[in-house]
$ cat structure-v5.pdb   # PDB, C-alpha atoms
ATOM      1  CA  MET A 772     -78.702 -25.814-128.096  1.00  0.00           C
ATOM      2  CA  THR A 773     -78.701 -28.132-125.211  1.00  0.00           C
ATOM      3  CA  GLN A 774     -78.587 -26.734-121.812  1.00  0.00           C
ATOM      4  CA  ASN A 775     -76.396 -28.285-119.275  1.00  0.00           C
ATOM      5  CA  PRO A 776     -78.266 -28.837-116.089  1.00  0.00           C
ATOM      6  CA  LEU A 777     -76.994 -26.842-113.192  1.00  0.00           C
ATOM      7  CA  PRO A 778     -74.834 -28.731-110.763  1.00  0.00           C
ATOM      8  CA  ARG A 779     -76.619 -29.829-107.671  1.00  0.00           C
ATOM      9  CA  ALA A 780     -76.349 -27.290-104.856  1.00  0.00           C
ATOM     10  CA  ARG A 781     -74.152 -28.282-101.984  1.00  0.00           C
ATOM     11  CA  GLN A 782     -75.946 -28.547 -98.724  1.00  0.00           C
ATOM     12  CA  ARG A 783     -74.524 -26.332 -96.134  1.00  0.00           C
ATOM     13  CA  ARG A 784     -73.360 -28.312 -93.135  1.00  0.00           C
ATOM     14  CA  ARG A 785     -74.589 -26.905 -89.833  1.00  0.00           C
ATOM     15  CA  ASN A 786     -72.263 -26.350 -86.968  1.00  0.00           C
ATOM     16  CA  PRO A 787     -73.325 -28.653 -84.062  1.00  0.00           C
ATOM     17  CA  LEU A 788     -71.772 -26.403 -81.415  1.00  0.00           C
ATOM     18  CA  PRO A 789     -74.888 -24.282 -80.610  1.00  0.00           C
ATOM     19  CA  VAL A 790     -77.073 -27.391 -80.205  1.00  0.00           C
ATOM     20  CA  VAL A 791     -74.502 -29.106 -77.965  1.00  0.00           C
ATOM     21  CA  LEU A 792     -74.054 -25.948 -75.849  1.00  0.00           C
ATOM     22  CA  GLY A 793     -77.843 -25.604 -75.509  1.00  0.00           C
ATOM     23  CA  ILE A 794     -78.222 -29.201 -74.307  1.00  0.00           C
ATOM     24  CA  VAL A 795     -75.332 -28.823 -71.844  1.00  0.00           C
ATOM     25  CA  ALA A 796     -76.840 -25.578 -70.482  1.00  0.00           C
ATOM     26  CA  LEU A 797     -80.265 -27.222 -70.105  1.00  0.00           C
ATOM     27  CA  VAL A 798     -78.809 -30.240 -68.273  1.00  0.00           C
ATOM     28  CA  GLY A 799     -76.732 -27.953 -66.046  1.00  0.00           C
ATOM     29  CA  LEU A 800     -79.746 -25.789 -65.173  1.00  0.00           C
ATOM     30  CA  THR A 801     -81.843 -28.861 -64.379  1.00  0.00           C
ATOM     31  CA  ALA A 802     -79.092 -30.294 -62.156  1.00  0.00           C
ATOM     32  CA  PHE A 803     -78.700 -26.973 -60.343  1.00  0.00           C
ATOM     33  CA  ILE A 804     -82.432 -26.732 -59.639  1.00  0.00           C
ATOM     34  CA  ALA A 805     -82.655 -30.366 -58.533  1.00  0.00           C
ATOM     35  CA  PHE A 806     -79.479 -30.579 -56.440  1.00  0.00           C
ATOM     36  CA  GLY A 807     -78.508 -26.963 -55.721  1.00  0.00           C
ATOM     37  CA  ASN A 808     -80.514 -26.627 -52.525  1.00  0.00           C
ATOM     38  CA  LEU A 809     -80.379 -30.290 -51.587  1.00  0.00           C
ATOM     39  CA  ASN A 810     -77.764 -29.703 -48.901  1.00  0.00           C
ATOM     40  CA  LYS A 811     -79.991 -27.120 -47.183  1.00  0.00           C
ATOM     41  CA  SER A 812     -82.999 -29.450 -47.095  1.00  0.00           C
ATOM     42  CA  LEU A 813     -81.191 -32.554 -45.844  1.00  0.00           C
ATOM     43  CA  GLU A 814     -82.205 -33.684 -42.394  1.00  0.00           C
ATOM     44  CA  TYR A 815     -79.571 -35.609 -40.479  1.00  0.00           C
ATOM     45  CA  PHE A 816     -80.215 -38.316 -37.879  1.00  0.00           C
ATOM     46  CA  VAL A 817     -77.705 -38.131 -35.033  1.00  0.00           C
ATOM     47  CA  THR A 818     -77.293 -39.367 -31.496  1.00  0.00           C
ATOM     48  CA  PRO A 819     -76.584 -36.861 -28.707  1.00  0.00           C
ATOM     49  CA  THR A 820     -72.901 -37.862 -28.716  1.00  0.00           C
ATOM     50  CA  GLU A 821     -72.617 -37.356 -32.490  1.00  0.00           C
ATOM     51  CA  TYR A 822     -74.307 -33.967 -32.200  1.00  0.00           C
ATOM     52  CA  SER A 823     -71.914 -32.822 -29.490  1.00  0.00           C
ATOM     53  CA  GLN A 824     -68.989 -33.803 -31.770  1.00  0.00           C
ATOM     54  CA  GLN A 825     -70.456 -32.149 -34.915  1.00  0.00           C
ATOM     55  CA  ARG A 826     -72.169 -29.206 -33.256  1.00  0.00           C
ATOM     56  CA  ALA A 827     -70.601 -26.529 -35.478  1.00  0.00           C
ATOM     57  CA  GLU A 828     -71.796 -28.115 -38.742  1.00  0.00           C
ATOM     58  CA  LEU A 829     -75.278 -29.044 -37.509  1.00  0.00           C
ATOM     59  CA  GLU A 830     -76.120 -25.863 -35.578  1.00  0.00           C
ATOM     60  CA  GLY A 831     -79.299 -24.208 -36.863  1.00  0.00           C
ATOM     61  CA  ARG A 832     -80.207 -27.080 -39.187  1.00  0.00           C
ATOM     62  CA  PRO A 833     -83.266 -29.291 -38.840  1.00  0.00           C
ATOM     63  CA  ILE A 834     -82.147 -32.672 -37.503  1.00  0.00           C
ATOM     64  CA  ARG A 835     -83.500 -35.829 -35.959  1.00  0.00           C
ATOM     65  CA  ILE A 836     -81.926 -36.861 -32.697  1.00  0.00           C
ATOM     66  CA  GLY A 837     -82.452 -40.284 -31.168  1.00  0.00           C
ATOM     67  CA  GLY A 838     -81.801 -41.813 -27.796  1.00  0.00           C
ATOM     68  CA  LEU A 839     -83.399 -42.843 -24.518  1.00  0.00           C
ATOM     69  CA  VAL A 840     -85.887 -40.723 -22.584  1.00  0.00           C
ATOM     70  CA  LYS A 841     -84.882 -39.496 -19.116  1.00  0.00           C
ATOM     71  CA  ALA A 842     -86.415 -37.064 -16.555  1.00  0.00           C
ATOM     72  CA  VAL A 843     -89.903 -36.703 -18.075  1.00  0.00           C
ATOM     73  CA  LYS A 844     -92.088 -33.734 -17.080  1.00  0.00           C
ATOM     74  CA  TYR A 845     -95.444 -33.590 -18.900  1.00  0.00           C
ATOM     75  CA  ASP A 846     -98.357 -31.244 -18.274  1.00  0.00           C
ATOM     76  CA  PRO A 847    -101.485 -32.717 -19.919  1.00  0.00           C
ATOM     77  CA  GLN A 848    -103.357 -29.384 -19.582  1.00  0.00           C
ATOM     78  CA  THR A 849    -100.878 -27.332 -21.637  1.00  0.00           C
ATOM     79  CA  LEU A 850     -99.434 -30.344 -23.549  1.00  0.00           C
ATOM     80  CA  ASP A 851     -95.997 -29.059 -22.574  1.00  0.00           C
ATOM     81  CA  LEU A 852     -93.413 -31.854 -22.468  1.00  0.00           C
ATOM     82  CA  LYS A 853     -89.865 -31.550 -21.180  1.00  0.00           C
ATOM     83  CA  PHE A 854     -87.424 -34.430 -21.002  1.00  0.00           C
ATOM     84  CA  VAL A 855     -83.795 -35.320 -21.556  1.00  0.00           C
ATOM     85  CA  VAL A 856     -82.645 -37.467 -24.480  1.00  0.00           C
ATOM     86  CA  SER A 857     -79.487 -39.463 -23.832  1.00  0.00           C
ATOM     87  CA  ASP A 858     -77.411 -42.133 -25.514  1.00  0.00           C
ATOM     88  CA  GLY A 859     -75.260 -42.897 -22.488  1.00  0.00           C
ATOM     89  CA  GLY A 860     -72.494 -40.552 -23.619  1.00  0.00           C
ATOM     90  CA  ALA A 861     -74.190 -37.171 -23.964  1.00  0.00           C
ATOM     91  CA  SER A 862     -77.559 -35.776 -22.956  1.00  0.00           C
ATOM     92  CA  PHE A 863     -79.650 -32.812 -24.110  1.00  0.00           C
ATOM     93  CA  PRO A 864     -82.868 -31.282 -22.777  1.00  0.00           C
ATOM     94  CA  VAL A 865     -85.819 -31.450 -25.170  1.00  0.00           C
ATOM     95  CA  GLN A 866     -88.955 -29.312 -25.286  1.00  0.00           C
ATOM     96  CA  TYR A 867     -92.058 -30.423 -27.165  1.00  0.00           C
ATOM     97  CA  VAL A 868     -95.630 -29.140 -27.229  1.00  0.00           C
ATOM     98  CA  GLY A 869     -98.291 -31.597 -28.306  1.00  0.00           C
ATOM     99  CA  ALA A 870    -100.093 -34.782 -27.462  1.00  0.00           C
ATOM    100  CA  VAL A 871     -97.908 -37.622 -26.244  1.00  0.00           C
ATOM    101  CA  SER A 872     -98.421 -41.325 -26.908  1.00  0.00           C
ATOM    102  CA  ASP A 873     -99.047 -43.710 -24.021  1.00  0.00           C
ATOM    103  CA  LEU A 874     -95.878 -45.506 -25.107  1.00  0.00           C
ATOM    104  CA  PHE A 875     -93.780 -42.469 -24.194  1.00  0.00           C
ATOM    105  CA  LYS A 876     -92.110 -43.103 -20.843  1.00  0.00           C
ATOM    106  CA  GLU A 877     -88.788 -43.107 -19.028  1.00  0.00           C
ATOM    107  CA  ASP A 878     -86.013 -45.280 -20.582  1.00  0.00           C
ATOM    108  CA  GLN A 879     -88.010 -45.660 -23.817  1.00  0.00           C
ATOM    109  CA  GLY A 880     -86.385 -45.168 -27.223  1.00  0.00           C
ATOM    110  CA  VAL A 881     -87.391 -41.945 -28.962  1.00  0.00           C
ATOM    111  CA  VAL A 882     -86.586 -39.982 -32.115  1.00  0.00           C
ATOM    112  CA  VAL A 883     -87.371 -36.261 -32.118  1.00  0.00           C
ATOM    113  CA  ARG A 884     -87.343 -33.925 -35.106  1.00  0.00           C
ATOM    114  CA  GLY A 885     -86.575 -30.241 -34.725  1.00  0.00           C
ATOM    115  CA  GLU A 886     -83.582 -28.027 -34.105  1.00  0.00           C
ATOM    116  CA  PHE A 887     -81.370 -26.783 -31.323  1.00  0.00           C
ATOM    117  CA  GLN A 888     -81.859 -23.328 -29.872  1.00  0.00           C
ATOM    118  CA  GLY A 889     -78.940 -22.852 -27.539  1.00  0.00           C
ATOM    119  CA  ASN A 890     -78.466 -26.060 -25.551  1.00  0.00           C
ATOM    120  CA  THR A 891     -82.152 -27.064 -25.719  1.00  0.00           C
ATOM    121  CA  PHE A 892     -83.598 -29.123 -28.542  1.00  0.00           C
ATOM    122  CA  HIS A 893     -86.994 -27.776 -29.655  1.00  0.00           C
ATOM    123  CA  ALA A 894     -88.894 -30.669 -31.177  1.00  0.00           C
ATOM    124  CA  ASN A 895     -91.812 -30.373 -33.572  1.00  0.00           C
ATOM    125  CA  GLU A 896     -92.285 -34.132 -33.992  1.00  0.00           C
ATOM    126  CA  LEU A 897     -91.965 -36.991 -31.525  1.00  0.00           C
ATOM    127  CA  ILE A 898     -91.592 -40.628 -32.624  1.00  0.00           C
ATOM    128  CA  VAL A 899     -91.715 -43.249 -29.880  1.00  0.00           C
ATOM    129  CA  LYS A 900     -90.226 -46.707 -30.313  1.00  0.00           C
ATOM    130  CA  HIS A 901     -92.626 -49.446 -29.356  1.00  0.00           C
ATOM    131  CA  SER A 902     -92.289 -53.107 -28.529  1.00  0.00           C
ATOM    132  CA  GLU A 903     -92.004 -55.394 -31.524  1.00  0.00           C
ATOM    133  CA  GLU A 904     -93.759 -58.208 -29.713  1.00  0.00           C
ATOM    134  CA  TYR A 905     -97.426 -58.983 -30.172  1.00  0.00           C
ATOM    135  CA  ASN A 906     -98.949 -61.515 -27.843  1.00  0.00           C
ATOM    136  CA  VAL A 907    -102.425 -62.754 -28.642  1.00  0.00           C
ATOM    137  CA  PRO A 908    -104.516 -63.387 -25.545  1.00  0.00           C
ATOM    138  CA  LYS A 909    -105.071 -67.127 -25.219  1.00  0.00           C
ATOM    139  CA  THR A 910    -108.082 -67.051 -22.894  1.00  0.00           C
ATOM    140  CA  GLN A 911    -111.080 -64.825 -22.270  1.00  0.00           C
ATOM    141  CA  THR A 912    -109.638 -63.892 -18.888  1.00  0.00           C
ATOM    142  CA  GLU A 913    -106.392 -62.613 -20.481  1.00  0.00           C
ATOM    143  CA  LEU A 914    -108.435 -60.623 -23.013  1.00  0.00           C
ATOM    144  CA  LYS A 915    -110.525 -58.999 -20.236  1.00  0.00           C
ATOM    145  CA  ASP A 916    -107.369 -58.208 -18.249  1.00  0.00           C
ATOM    146  CA  MET A 917    -105.748 -56.608 -21.301  1.00  0.00           C
ATOM    147  CA  LEU A 918    -108.851 -54.501 -21.995  1.00  0.00           C
ATOM    148  CA  GLN A 919    -108.992 -53.316 -18.366  1.00  0.00           C
ATOM    149  CA  GLN A 920    -105.320 -52.277 -18.494  1.00  0.00           C
ATOM    150  CA  THR A 921    -105.914 -50.039 -21.522  1.00  0.00           C
ATOM    151  CA  GLN A 922    -108.805 -48.197 -19.855  1.00  0.00           C
TER     152      GLN A 922
END

$ encode --input "structure-v5.pdb" --output "structure tokens"
Amino acid sequence: MTQNPLPRARQRRRNPLPVVLGIVALVGLTAFIAFGNLNKSLEYFVTPTEYSQQRAELEGRPIRIGGLVKAVKYDPQTLDLKFVVSDGGASFPVQYVGAVSDLFKEDQGVVVRGEFQGNTFHANELIVKHSEEYNVPKTQTELKDMLQQTQ
């Protein structure tokens, strides 16, 4: 008696739906973590005029505001600095506590980072624009003069 071999078992085909749903959920969760709070952590750079136009959307958010320095009042004992930043169209008072660079002066370009509290901008960082020119002293006399000016 010869035995007929059993027919080969059919392999059960798996449904790809659970794997696809798992990958989509993982990608969605990763995107949510990466980009979900991105809008809250963005820091906008605006001029005083742009801020006055977009005040409602920018209120209470950390921003950088840039313009020219006006009406400087600095107390080197308390490191308390008050000035007005202006772009020719709008102006806002700024308060900052900290050391100030020698480059910081009236009519100098400045970028301050912080946020508005009422009508006053409370800065926690001060970035002063400096001259892009570098002139090498050509003589010993010019070098001595330059060194005396810095002291």

$ resolve_selection --input "structure-v5.pdb" --expression "the PyMOL selection byres ((chain A and resi 843) around 12)" --output "mmCIF file with C-alpha atoms, keeping the file's coordinate frame"
data_model
loop_
_atom_site.group_PDB
_atom_site.id
_atom_site.type_symbol
_atom_site.label_atom_id
_atom_site.label_comp_id
_atom_site.auth_asym_id
_atom_site.auth_seq_id
_atom_site.Cartn_x
_atom_site.Cartn_y
_atom_site.Cartn_z
ATOM 1 C CA LEU A 839 -83.399 -42.843 -24.518
ATOM 2 C CA VAL A 840 -85.887 -40.723 -22.584
ATOM 3 C CA LYS A 841 -84.882 -39.496 -19.116
ATOM 4 C CA ALA A 842 -86.415 -37.064 -16.555
ATOM 5 C CA LYS A 844 -92.088 -33.734 -17.080
ATOM 6 C CA TYR A 845 -95.444 -33.590 -18.900
ATOM 7 C CA ASP A 846 -98.357 -31.244 -18.274
ATOM 8 C CA ASP A 851 -95.997 -29.059 -22.574
ATOM 9 C CA LEU A 852 -93.413 -31.854 -22.468
ATOM 10 C CA LYS A 853 -89.865 -31.550 -21.180
ATOM 11 C CA PHE A 854 -87.424 -34.430 -21.002
ATOM 12 C CA VAL A 855 -83.795 -35.320 -21.556
ATOM 13 C CA VAL A 856 -82.645 -37.467 -24.480
ATOM 14 C CA PRO A 864 -82.868 -31.282 -22.777
ATOM 15 C CA VAL A 865 -85.819 -31.450 -25.170
ATOM 16 C CA GLN A 866 -88.955 -29.312 -25.286
ATOM 17 C CA TYR A 867 -92.058 -30.423 -27.165
ATOM 18 C CA VAL A 871 -97.908 -37.622 -26.244
ATOM 19 C CA PHE A 875 -93.780 -42.469 -24.194
ATOM 20 C CA LYS A 876 -92.110 -43.103 -20.843
ATOM 21 C CA GLU A 877 -88.788 -43.107 -19.028
ATOM 22 C CA ASP A 878 -86.013 -45.280 -20.582
ATOM 23 C CA GLN A 879 -88.010 -45.660 -23.817
#

$ atom_distance --input "structure-v5.pdb" --atom1 "CA of Glu830 (chain A)" --atom2 "CA of Asp858 (chain A)"
19.2 Å

$ residues_near_point --input "structure-v5.pdb" --point "(-79.0, -44.3, -28.6)" --cutoff "6 Å" --atoms "only C-alpha atoms" --output "count of residues only"
4

$ closest_residue --input "structure-v5.pdb" --among "A:Ser857, A:Gln888, A:Asn895, A:Gln919" --to "Gly869 (chain A)" --atoms "all atoms listed in the file"
A:Asn895

$ residues_near_point --input "structure-v5.pdb" --point "(-89.5, -37.1, -33.3)" --cutoff "7 Å" --atoms "only C-alpha atoms" --output "ChimeraX atom specification"
/A:835,881-884,894,896-898

$ closest_residue --input "structure-v5.pdb" --among "A:Pro819, A:Thr801, A:Arg784, A:Gln825" --to "Gly859 (chain A)" --atoms "only C-alpha atoms"
A:Pro819

$ atom_distance --input "structure-v5.pdb" --atom1 "CA of Phe816 (chain A)" --atom2 "CA of Val868 (chain A)"
20.9 Å

$ atom_distance --input "structure-v5.pdb" --atom1 "CA of Phe892 (chain A)" --atom2 "CA of Thr820 (chain A)"
13.8 Å

$ closest_residue --input "structure-v5.pdb" --among "A:Pro847, A:Ala802, A:Thr910, A:Phe863" --to "Asn890 (chain A)" --atoms "only C-alpha atoms"
A:Phe863
